[in-house]
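Reviewing the structure listed below.
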Amino acid sequence: MMRILLLLSACLFSTICRAQVKPATPPQRVNTFYLVDSISNKGLPVSVAIVRANLFITTEPDGIFAIPGDLTQMQDTIIFSAQNYQSIKMPLNLLSGRNVIKLTKIIAQKPAVATAFKNDTLLNDFERDDIAYYAGITTANERFDYKQIAQKLTLHKGGVSLKSARVMRLAFNWTDGMHPAKYRLRVYDTDPKTGGPGKDLCSELIEVSSAKDQRQNNINLKKYGITIPNKTFYIAVEWIRDNYNAADVSIYYKKENKIILYENYQPAIGLSPIQGSNLNIWVQTIKNEWKPYTYFMPFGTDLAIKATIEY
Amino acid sequence: MTKYYLLPLLLLLPCLCFGQADFEGQVINKTTEMPILGVTVRSLKGKIATQTNERGYYSLSNDTPQPNDTLQYSYVGYKTLRLPVSAYQPKMFIALEPLTIQLNEVRIGNSKKETITLSSFSAYDVKNIISDIASKSTQMIARQTTVAKRFTAPKPDGLLMRVSLGRQDHPASPSYATKNSLTKFLLKVYKQNALTGAPGEVLLKKEISLTDNAMRIDIDVSKENIIIPGQNFFVAIEWLINPYNEIILMMSATKVDRVTRKGQQVYKDATNYWVDYQPFLVGYYREDNKPNSILYTSIDKKWVELTDYSTELALSATLIY
């Protein structure tokens, strides 16, 4: 089986070459790593971030990734994070001599759930044709380097079941459209300390595939048995930073009077056209920290993510 | 056998395909081409109605469109106009004809003020944008953040009453660009620098906010009391590079997909985003094919004459003496 090794190198992340096929740069030492479950030793899809270099990718499901160069000389911090696993944060040079990194699963206790629901409610409704703005794209005003983006949703009471979610993304109805995308859907409880996303409420990976011209993804969540314990919770989109989603963005800078290309990843997530009184969008940084997303304030307070709950 | 089942379905298809109908445009005075506020726009069969705003702009959505419907435009003092929806074109200008009422002229005082519009353009000029001009407009906006147009008044000391400009959706919208009717930009008026001929001292700086898709924008600046000291002056549009004005395009680009065992890079088509900023101005061909505008842009705080923009920028200034 042909494997695509994900190289965490500056050339892969920042160089967008438009020329025809040409020889690669001279080979250098490549350090290959295997990210596995600590018990089963099976590979895992893991988000790998190198903090100071501001680089991060998502590995393939086999958990293989590679870093070129002499690790002992690298002065940086690396963070491995995967859904329902304890994150690992360590100096990059400590990876020297290792090739297997084991991640420990968090055993979540499922709360008792009522099984018979009579009613459902749609949260964060809006008219999708009115969506004008999209998050997830680097612009002249801000580099978009976030791992996840989350929408806060508010209920009248806790203890309800999450039935489905609808996510609007940027796509067009091209006959030859070439913008398929995939991403992970995450569901979080509210962190009582920060008010942002907290404990993971879903123990399974929910990967969403969006066809090339599909603007709206309807995701049936009933089979995951997700219970919302409190009055607020979050639905988040986690970017999968791999070759499949890789795109780029052209930015014109007035000061330099030139256009610069940046690496970007699909999908771009719509903003709700309805302006709320509070900001309900949060983003997760490369250091796994959550913070409110103020870029579109004051007019962009909510993401174009709807949710249906049952109670 | 199957064909007998298909026939009724095929007959029903036109009805099933008749989805939501959206109508939008601007209503103007046929004589003066000025927008008319408060015109009632009614879908006669759909039994829904709306009114035009101060730019003469209206937007009417009918969730249950009726076949052979008619749009009716009515306002006191104008002849009512009825337009079959089959003749409707997106964002068209509707020109209402004023009813002729003979009034005796009344003069107050002993002087009559003279109004002059410099570089005036018509609704026709704005509506009929030729595609290559549209792309030129886009290109200009993608590269520049201020564009100033030079005007020459017949005499000095005119009072600036109004600035009008043509505006469009991004030419790529809605095929592969987002659509957004919200925009803010700066309107500026400059004296001409006597030495360089370029824009000099700022006479006016005003933020303009638009919330609809009107193509012709008339900005009343009569209360700003701007007296143009000489004959030459500039009116400029400065783009605000902020999230509010963002328009995102999706195009395609070639990217490295993978590296083979032999070290060859293999490429693939991938998404290329482009971020543009509203508003998108309109350029049009003059009938005499001689654009009279002289345009400047500001790059690194220096004014540079735009020599490759061969069309007339739909930007006019109205003075009163």
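By order in the structure tokens, chains are A, B, ...; within a chain, residues start at 1; ligands start at 1, following the order shown.
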Margin query: I'd like the neighbourhood of Ala135 of chain A as a list in words, where a residue qualifies if any of its atoms comes within 7 Å (using only C-alpha atoms), though same-chain residues fewer than 5 positions away should be ignored.
Written below: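 These residues fall inside the cut-off: Ala268, Ile269 and Gly270 of chain A.
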Check: Hey, what does DSSP flag as strand (DSSP E or B) within segment 123-220 of chain B? Can you give it to me as number ranges by chain?
Finding: B: 146-152, 158-168, 177, 183-192, 199-210, 216-220
Note to self: Using only C-alpha atoms and a cut-off of 6 Å, which residues of chain B sit close to chain A? Please list them as a PyMOL selection string.
What the structure shows: chain B and resi 176+179-180+254+263-265+270-274+300
Could you save the residues just selected, with N, CA and C atoms, as a PDB file, in the first residue's frame?
ATOM      1  N   TYR B 176     -18.716  31.885  -8.664  1.00  0.00           N
ATOM      2  CA  TYR B 176     -17.680  31.387  -7.759  1.00  0.00           C
ATOM      3  C   TYR B 176     -17.144  32.468  -6.833  1.00  0.00           C
ATOM      4  N   LYS B 179     -21.598  36.554  -2.305  1.00  0.00           N
ATOM      5  CA  LYS B 179     -22.392  37.747  -2.588  1.00  0.00           C
ATOM      6  C   LYS B 179     -22.675  38.439  -1.261  1.00  0.00           C
ATOM      7  N   ASN B 180     -22.463  39.738  -1.248  1.00  0.00           N
ATOM      8  CA  ASN B 180     -22.635  40.479  -0.003  1.00  0.00           C
ATOM      9  C   ASN B 180     -23.088  41.893  -0.339  1.00  0.00           C
ATOM     10  N   THR B 254      -2.689  24.829  -9.059  1.00  0.00           N
ATOM     11  CA  THR B 254      -1.944  23.575  -9.074  1.00  0.00           C
ATOM     12  C   THR B 254      -1.090  23.490  -7.811  1.00  0.00           C
ATOM     13  N   GLY B 263      11.569  10.872  -6.223  1.00  0.00           N
ATOM     14  CA  GLY B 263      11.773  12.288  -5.917  1.00  0.00           C
ATOM     15  C   GLY B 263      11.031  13.239  -6.831  1.00  0.00           C
ATOM     16  N   GLN B 264      10.129  12.723  -7.646  1.00  0.00           N
ATOM     17  CA  GLN B 264       9.362  13.595  -8.535  1.00  0.00           C
ATOM     18  C   GLN B 264       8.138  14.142  -7.795  1.00  0.00           C
ATOM     19  N   GLN B 265       7.899  15.433  -7.985  1.00  0.00           N
ATOM     20  CA  GLN B 265       6.715  16.035  -7.377  1.00  0.00           C
ATOM     21  C   GLN B 265       5.521  15.845  -8.317  1.00  0.00           C
ATOM     22  N   ALA B 270      -6.207  22.150  -6.921  1.00  0.00           N
ATOM     23  CA  ALA B 270      -6.718  22.406  -5.571  1.00  0.00           C
ATOM     24  C   ALA B 270      -7.374  23.778  -5.543  1.00  0.00           C
ATOM     25  N   THR B 271      -8.051  24.032  -4.461  1.00  0.00           N
ATOM     26  CA  THR B 271      -8.749  25.317  -4.320  1.00  0.00           C
ATOM     27  C   THR B 271      -7.757  26.447  -4.092  1.00  0.00           C
ATOM     28  N   ASN B 272      -8.001  27.552  -4.780  1.00  0.00           N
ATOM     29  CA  ASN B 272      -7.266  28.782  -4.517  1.00  0.00           C
ATOM     30  C   ASN B 272      -8.288  29.848  -4.123  1.00  0.00           C
ATOM     31  N   TYR B 273      -8.217  30.295  -2.879  1.00  0.00           N
ATOM     32  CA  TYR B 273      -9.097  31.374  -2.434  1.00  0.00           C
ATOM     33  C   TYR B 273      -8.478  32.704  -2.841  1.00  0.00           C
ATOM     34  N   TRP B 274      -9.355  33.675  -3.050  1.00  0.00           N
ATOM     35  CA  TRP B 274      -8.908  35.034  -3.303  1.00  0.00           C
ATOM     36  C   TRP B 274      -9.826  35.935  -2.490  1.00  0.00           C
ATOM     37  N   ASP B 300       1.596  53.202  -1.418  1.00  0.00           N
ATOM     38  CA  ASP B 300       2.634  53.611  -0.476  1.00  0.00           C
ATOM     39  C   ASP B 300       2.620  55.136  -0.289  1.00  0.00           C
TER      40      ASP B 300
END
Next item on the list: Tell me which protein, DNA and RNA residues are within 7 Å of segment 183-192 of chain A, counting only C-alpha atoms, leaving out same-chain ones fewer than 5 positions away, and put them as JSON, numbers by chain.
Entry: {"A": [197, 198, 199, 200, 201, 202, 206, 207, 208, 209, 232, 233, 234, 235, 236, 237, 238, 239, 240]}
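Atom pair atom CA of Phe280 of chain B / atom CA of Ser164 of chain B: separated by 14.0 Å.
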Margin query: I'd like the neighbourhood of Pro90 of chain B as number ranges by chain, where a residue qualifies if any of its atoms comes within 9 Å (using only C-alpha atoms), though same-chain residues fewer than 5 positions away should be ignored.
Written below: B: 22-25
Just-selected residues, N, CA and C atoms written as a compact mmCIF listing (two decimals), in the first residue's frame:
# COMPACT_ATOMS: atom_id res chain seq x y z
N ASP B 22 -37.23 35.93 -7.05
CA ASP B 22 -36.64 37.10 -6.42
C ASP B 22 -36.54 38.21 -7.45
N PHE B 23 -37.02 39.38 -7.07
CA PHE B 23 -36.94 40.54 -7.95
C PHE B 23 -36.24 41.66 -7.20
N GLU B 24 -35.30 42.31 -7.85
CA GLU B 24 -34.66 43.47 -7.24
C GLU B 24 -34.23 44.42 -8.34
N GLY B 25 -34.11 45.69 -8.02
CA GLY B 25 -33.69 46.68 -9.00
C GLY B 25 -33.85 48.07 -8.42
